[in-house]
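Scroll down for the structure; my scribbles are underneath it.
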Amino acid sequence: MKVGGFSFCREGHMASVKVMDQEAIRRAVLRMAHEILEKNKGVDQLALVGIRTRGVVLAQRLKKAIKEIEGADVPTGILDITLYRDDLTLVGAKPVVRQTAIDFDITDMKIVLVDDVFFTGRTIRSGLNALADFGRPAVIQLAVLVDRGHRELPIRADFVGKNIPTAKNQNVQVVLGESDGKTDEVIVEDLR
């Protein structure tokens with residue numbers, strides 16, 4: 001069922017609302033790329049680091065948009081934060097640790113940390129701790145596709161694709177073609 005441009009589904013007790021489609025995500029990434037370039041006055045000393053998994057996809061998309069706008073490549077890295085999580089004991093006895101790939105010196109760089117959903121701030125704190133092991137950037141900025149609120153730590157995003165107010169009992173699911181093999185969309189699910 002569609003109401004006011006949003007798609008509603010009800011499966012059992014879980015309702016979901018599509019809040020962004022493929023075109024909305026494309027426009028948000030393009031706008032964030034422009035904002036990143038404006039705030040940093042171009043690409044000098046600029047680098048992107050995506051948090052696994054969908055943050056990496058978004059960082060690659062931002063890199064492509066920046067290249068189309070500025071005609072220049074920016075270094076882009078991949079960050080796995082698994083071992084930096086404060087809930088590691090809740091993840092499981094054998095958490096899956098994947099590769100971190102930052103093949104450039106981040107010292108004195110303007111790093112834009114990229115993730116898909118910004119919620120409590122704990123994932124970003126883990127990302128900041130992980131980045132500290134690679135050097136001392138001049139500045140670290142945060143770009144997220146969705147900011148859903150409910151911060152538990154004093155961290156804010158510098159670049160936001162869309163602010164989506166949510167209840168704590170809701171889940172925000174970002175689906176991206178490169179990581180999920182499906183058409184891009186952002187869905188808010190009611191978990192009651």
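In the structure tokens, the first chain shown is A, the next is B, and so on; residue numbers restart at 1 for each chain, and ligands run from 1 in the order shown.
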### Message
Please list as a PyMOL selection string every residue within 6 Å of segment 79-84 of chain A, counting only C-alpha atoms and excluding residues in the same chain fewer than 5 positions away.
### Response
chain A and resi 50-52+97+100+126-127
Backbone DSSP call of strand (DSSP E) for segment 52-83 of chain A, listed as a CSV table (one decimal) with N, CA, C and O atoms, in the first residue's frame:
```
chain,number,residue,atom,x,y,z
A,76,THR,N,40.6,6.1,-0.7
A,76,THR,CA,39.5,5.5,-0.1
A,76,THR,C,39.9,4.3,0.6
A,76,THR,O,40.6,3.4,0.0
A,77,GLY,N,39.5,4.1,1.9
A,77,GLY,CA,39.9,3.0,2.7
A,77,GLY,C,38.7,2.2,3.2
A,77,GLY,O,37.6,2.7,3.2
A,78,ILE,N,39.0,1.0,3.8
A,78,ILE,CA,38.0,0.2,4.3
A,78,ILE,C,38.3,-0.1,5.8
A,78,ILE,O,39.5,-0.4,6.1
A,79,LEU,N,37.4,0.1,6.7
A,79,LEU,CA,37.6,-0.1,8.1
A,79,LEU,C,36.7,-1.1,8.7
A,79,LEU,O,35.5,-1.0,8.6
```
Using only C-alpha atoms, find each residue in segment 28-90 of chain A having at least one atom no more than 9 Å away from segment 157-177 of chain A; report its shortest atom-to-atom pair and that distance in Å (one decimal), rows by chain then rising number, as CSV.
```
residue,atom,partner,partner_atom,distance
A:Ala28,CA,A:Gly161,CA,4.7
A:Val29,CA,A:Gly161,CA,6.6
A:Arg31,CA,A:Gly161,CA,7.7
A:Met32,CA,A:Phe159,CA,6.0
A:Ala33,CA,A:Phe159,CA,8.9
A:Glu35,CA,A:Phe159,CA,7.1
A:Ile36,CA,A:Phe159,CA,7.3
A:Arg54,CA,A:Leu176,CA,7.3
A:Val57,CA,A:Leu176,CA,7.7
A:Leu58,CA,A:Leu176,CA,8.7
```
### Task
Using DSSP on the backbone coordinates, identify all residues within segment 30-140 of chain A classified as helix (DSSP H, G or I); present the result as a PyMOL selection string.
chain A and resi 30-39+54-70+82-84+88-91+122-132
For the interface of segment 20-54 of chain A with segment 131-137 of chain A (cut-off 12 Å, counting only C-alpha atoms), please tabulate each contacting residue of segment 20-54 of chain A alongside its nearest pair of atoms and their separation in Å to one decimal, rows sorted by chain and increasing number, as a Markdown table.
```
| residue | atom | partner | partner_atom | distance |
| --- | --- | --- | --- | --- |
| A:Gln45 | CA | A:Pro137 | CA | 9.7 |
| A:Leu46 | CA | A:Pro137 | CA | 10.1 |
| A:Ala47 | CA | A:Pro137 | CA | 10.0 |
| A:Leu48 | CA | A:Leu131 | CA | 11.7 |
| A:Val49 | CA | A:Leu131 | CA | 9.1 |
| A:Gly50 | CA | A:Leu131 | CA | 11.0 |
| A:Ile51 | CA | A:Leu131 | CA | 10.5 |
```
Keeping all heavy atoms, export the residues of the selection given above as a PDB file, in the first residue's frame.
```
ATOM      1  N   GLN A  45      44.258  16.846   0.491  1.00  0.00           N
ATOM      2  CA  GLN A  45      44.415  16.117   1.757  1.00  0.00           C
ATOM      3  C   GLN A  45      43.133  15.412   2.204  1.00  0.00           C
ATOM      4  O   GLN A  45      42.998  15.046   3.370  1.00  0.00           O
ATOM      5  CB  GLN A  45      44.922  17.038   2.872  1.00  0.00           C
ATOM      6  CG  GLN A  45      46.326  17.585   2.644  1.00  0.00           C
ATOM      7  CD  GLN A  45      47.366  16.477   2.617  1.00  0.00           C
ATOM      8  OE1 GLN A  45      47.838  16.083   1.571  1.00  0.00           O
ATOM      9  NE2 GLN A  45      47.709  15.952   3.774  1.00  0.00           N
ATOM     10  N   LEU A  46      42.188  15.229   1.297  1.00  0.00           N
ATOM     11  CA  LEU A  46      40.913  14.598   1.621  1.00  0.00           C
ATOM     12  C   LEU A  46      40.977  13.099   1.348  1.00  0.00           C
ATOM     13  O   LEU A  46      41.548  12.664   0.346  1.00  0.00           O
ATOM     14  CB  LEU A  46      39.796  15.221   0.761  1.00  0.00           C
ATOM     15  CG  LEU A  46      38.379  14.705   0.995  1.00  0.00           C
ATOM     16  CD1 LEU A  46      37.879  15.107   2.387  1.00  0.00           C
ATOM     17  CD2 LEU A  46      37.438  15.260  -0.078  1.00  0.00           C
ATOM     18  N   ALA A  47      40.396  12.298   2.256  1.00  0.00           N
ATOM     19  CA  ALA A  47      40.295  10.848   2.059  1.00  0.00           C
ATOM     20  C   ALA A  47      38.994  10.358   2.673  1.00  0.00           C
ATOM     21  O   ALA A  47      38.462  10.957   3.610  1.00  0.00           O
ATOM     22  CB  ALA A  47      41.486  10.132   2.698  1.00  0.00           C
ATOM     23  N   LEU A  48      38.479   9.265   2.132  1.00  0.00           N
ATOM     24  CA  LEU A  48      37.254   8.643   2.618  1.00  0.00           C
ATOM     25  C   LEU A  48      37.599   7.290   3.234  1.00  0.00           C
ATOM     26  O   LEU A  48      38.413   6.555   2.680  1.00  0.00           O
ATOM     27  CB  LEU A  48      36.266   8.431   1.466  1.00  0.00           C
ATOM     28  CG  LEU A  48      35.890   9.660   0.648  1.00  0.00           C
ATOM     29  CD1 LEU A  48      35.140   9.246  -0.610  1.00  0.00           C
ATOM     30  CD2 LEU A  48      35.050  10.618   1.476  1.00  0.00           C
ATOM     31  N   VAL A  49      36.960   6.966   4.353  1.00  0.00           N
ATOM     32  CA  VAL A  49      37.136   5.651   4.977  1.00  0.00           C
ATOM     33  C   VAL A  49      35.747   5.122   5.312  1.00  0.00           C
ATOM     34  O   VAL A  49      35.033   5.722   6.122  1.00  0.00           O
ATOM     35  CB  VAL A  49      38.011   5.719   6.239  1.00  0.00           C
ATOM     36  CG1 VAL A  49      38.079   4.354   6.908  1.00  0.00           C
ATOM     37  CG2 VAL A  49      39.417   6.218   5.902  1.00  0.00           C
ATOM     38  N   GLY A  50      35.377   4.003   4.682  1.00  0.00           N
ATOM     39  CA  GLY A  50      34.070   3.406   4.903  1.00  0.00           C
ATOM     40  C   GLY A  50      34.120   2.328   5.962  1.00  0.00           C
ATOM     41  O   GLY A  50      35.035   1.510   5.982  1.00  0.00           O
ATOM     42  N   ILE A  51      33.123   2.346   6.857  1.00  0.00           N
ATOM     43  CA  ILE A  51      32.993   1.297   7.871  1.00  0.00           C
ATOM     44  C   ILE A  51      32.260   0.129   7.231  1.00  0.00           C
ATOM     45  O   ILE A  51      31.198   0.301   6.627  1.00  0.00           O
ATOM     46  CB  ILE A  51      32.225   1.810   9.107  1.00  0.00           C
ATOM     47  CG1 ILE A  51      33.017   2.927   9.789  1.00  0.00           C
ATOM     48  CG2 ILE A  51      31.939   0.672  10.076  1.00  0.00           C
ATOM     49  CD1 ILE A  51      32.308   3.560  10.971  1.00  0.00           C
TER      50      ILE A  51
END
```
### Task
Please measure the separation of atom CA of Lys41 of chain A and atom CA of Thr123 of chain A, giving the value in Å to one decimal.
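Interatomic distance, atom CA of Lys41 of chain A to atom CA of Thr123 of chain A: 27.7 Å.
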### Query
Using only C-alpha atoms, which of the listed residues (A:Lys63, A:Arg26, A:Lys18, A:Arg122) sits closest to Arg151 of chain A?
A:Arg122
### Task
Please provide as an MDAnalysis selection string all residues within 7 Å of Val117 of chain A, with the sequence filter that same-chain residues fewer than 3 positions apart are discarded (counting only C-alpha atoms).
chainID A and resid 144:147
Kindly export the residues of the current selection with N, CA, C and O atoms, as a compact mmCIF listing (two decimals), in the first residue's frame.
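File written: selection-v3.txt
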```
# COMPACT_ATOMS: atom_id res chain seq x y z
N VAL A 144 26.98 10.09 6.92
CA VAL A 144 26.07 8.95 7.07
C VAL A 144 24.90 9.12 6.11
O VAL A 144 24.45 10.23 5.86
N LEU A 145 24.43 8.00 5.58
CA LEU A 145 23.25 8.07 4.71
C LEU A 145 22.01 8.40 5.52
O LEU A 145 21.20 9.23 5.10
N VAL A 146 21.85 7.77 6.69
CA VAL A 146 20.66 7.96 7.52
C VAL A 146 21.07 8.27 8.95
O VAL A 146 21.87 7.56 9.54
N ASP A 147 20.51 9.35 9.50
CA ASP A 147 20.64 9.64 10.92
C ASP A 147 19.28 9.39 11.54
O ASP A 147 18.31 10.08 11.24
```
### Task
Find, counting only C-alpha atoms, the residue in A:Arg192, A:Ser179, A:Asp44, A:Glu185 that gets nearest to Ile25 of chain A.
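Among A:Arg192, A:Ser179, A:Asp44, A:Glu185, it is A:Glu185 that comes nearest to Ile25 of chain A.
Each of A:Ile140, A:His150, A:Ala101, A:Ile69 was compared to Phe118 of chain A using only C-alpha atoms, and A:His150 turns out to be the nearest.
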### Query
Between atom CA of Asp190 of chain A and atom CA of Leu62 of chain A, what is the spacing in Å?
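Atom-to-atom, atom CA of Leu62 of chain A to atom CA of Asp190 of chain A, that is 29.7 Å.
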### Message
Using only C-alpha atoms, can you tell me which of A:Gly149, A:Gly121, A:Gly55, A:Gly42 comes closest to Lys67 of chain A?
### Response
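Once distances to Lys67 of chain A are computed over only C-alpha atoms, the minimum belongs to A:Gly42.
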## Note on the structure
Min atom-atom distance to Ile106 of chain A from the set A:Leu191, A:Leu128, A:Ala138, A:Ala59, counting only C-alpha atoms, belongs to A:Ala138
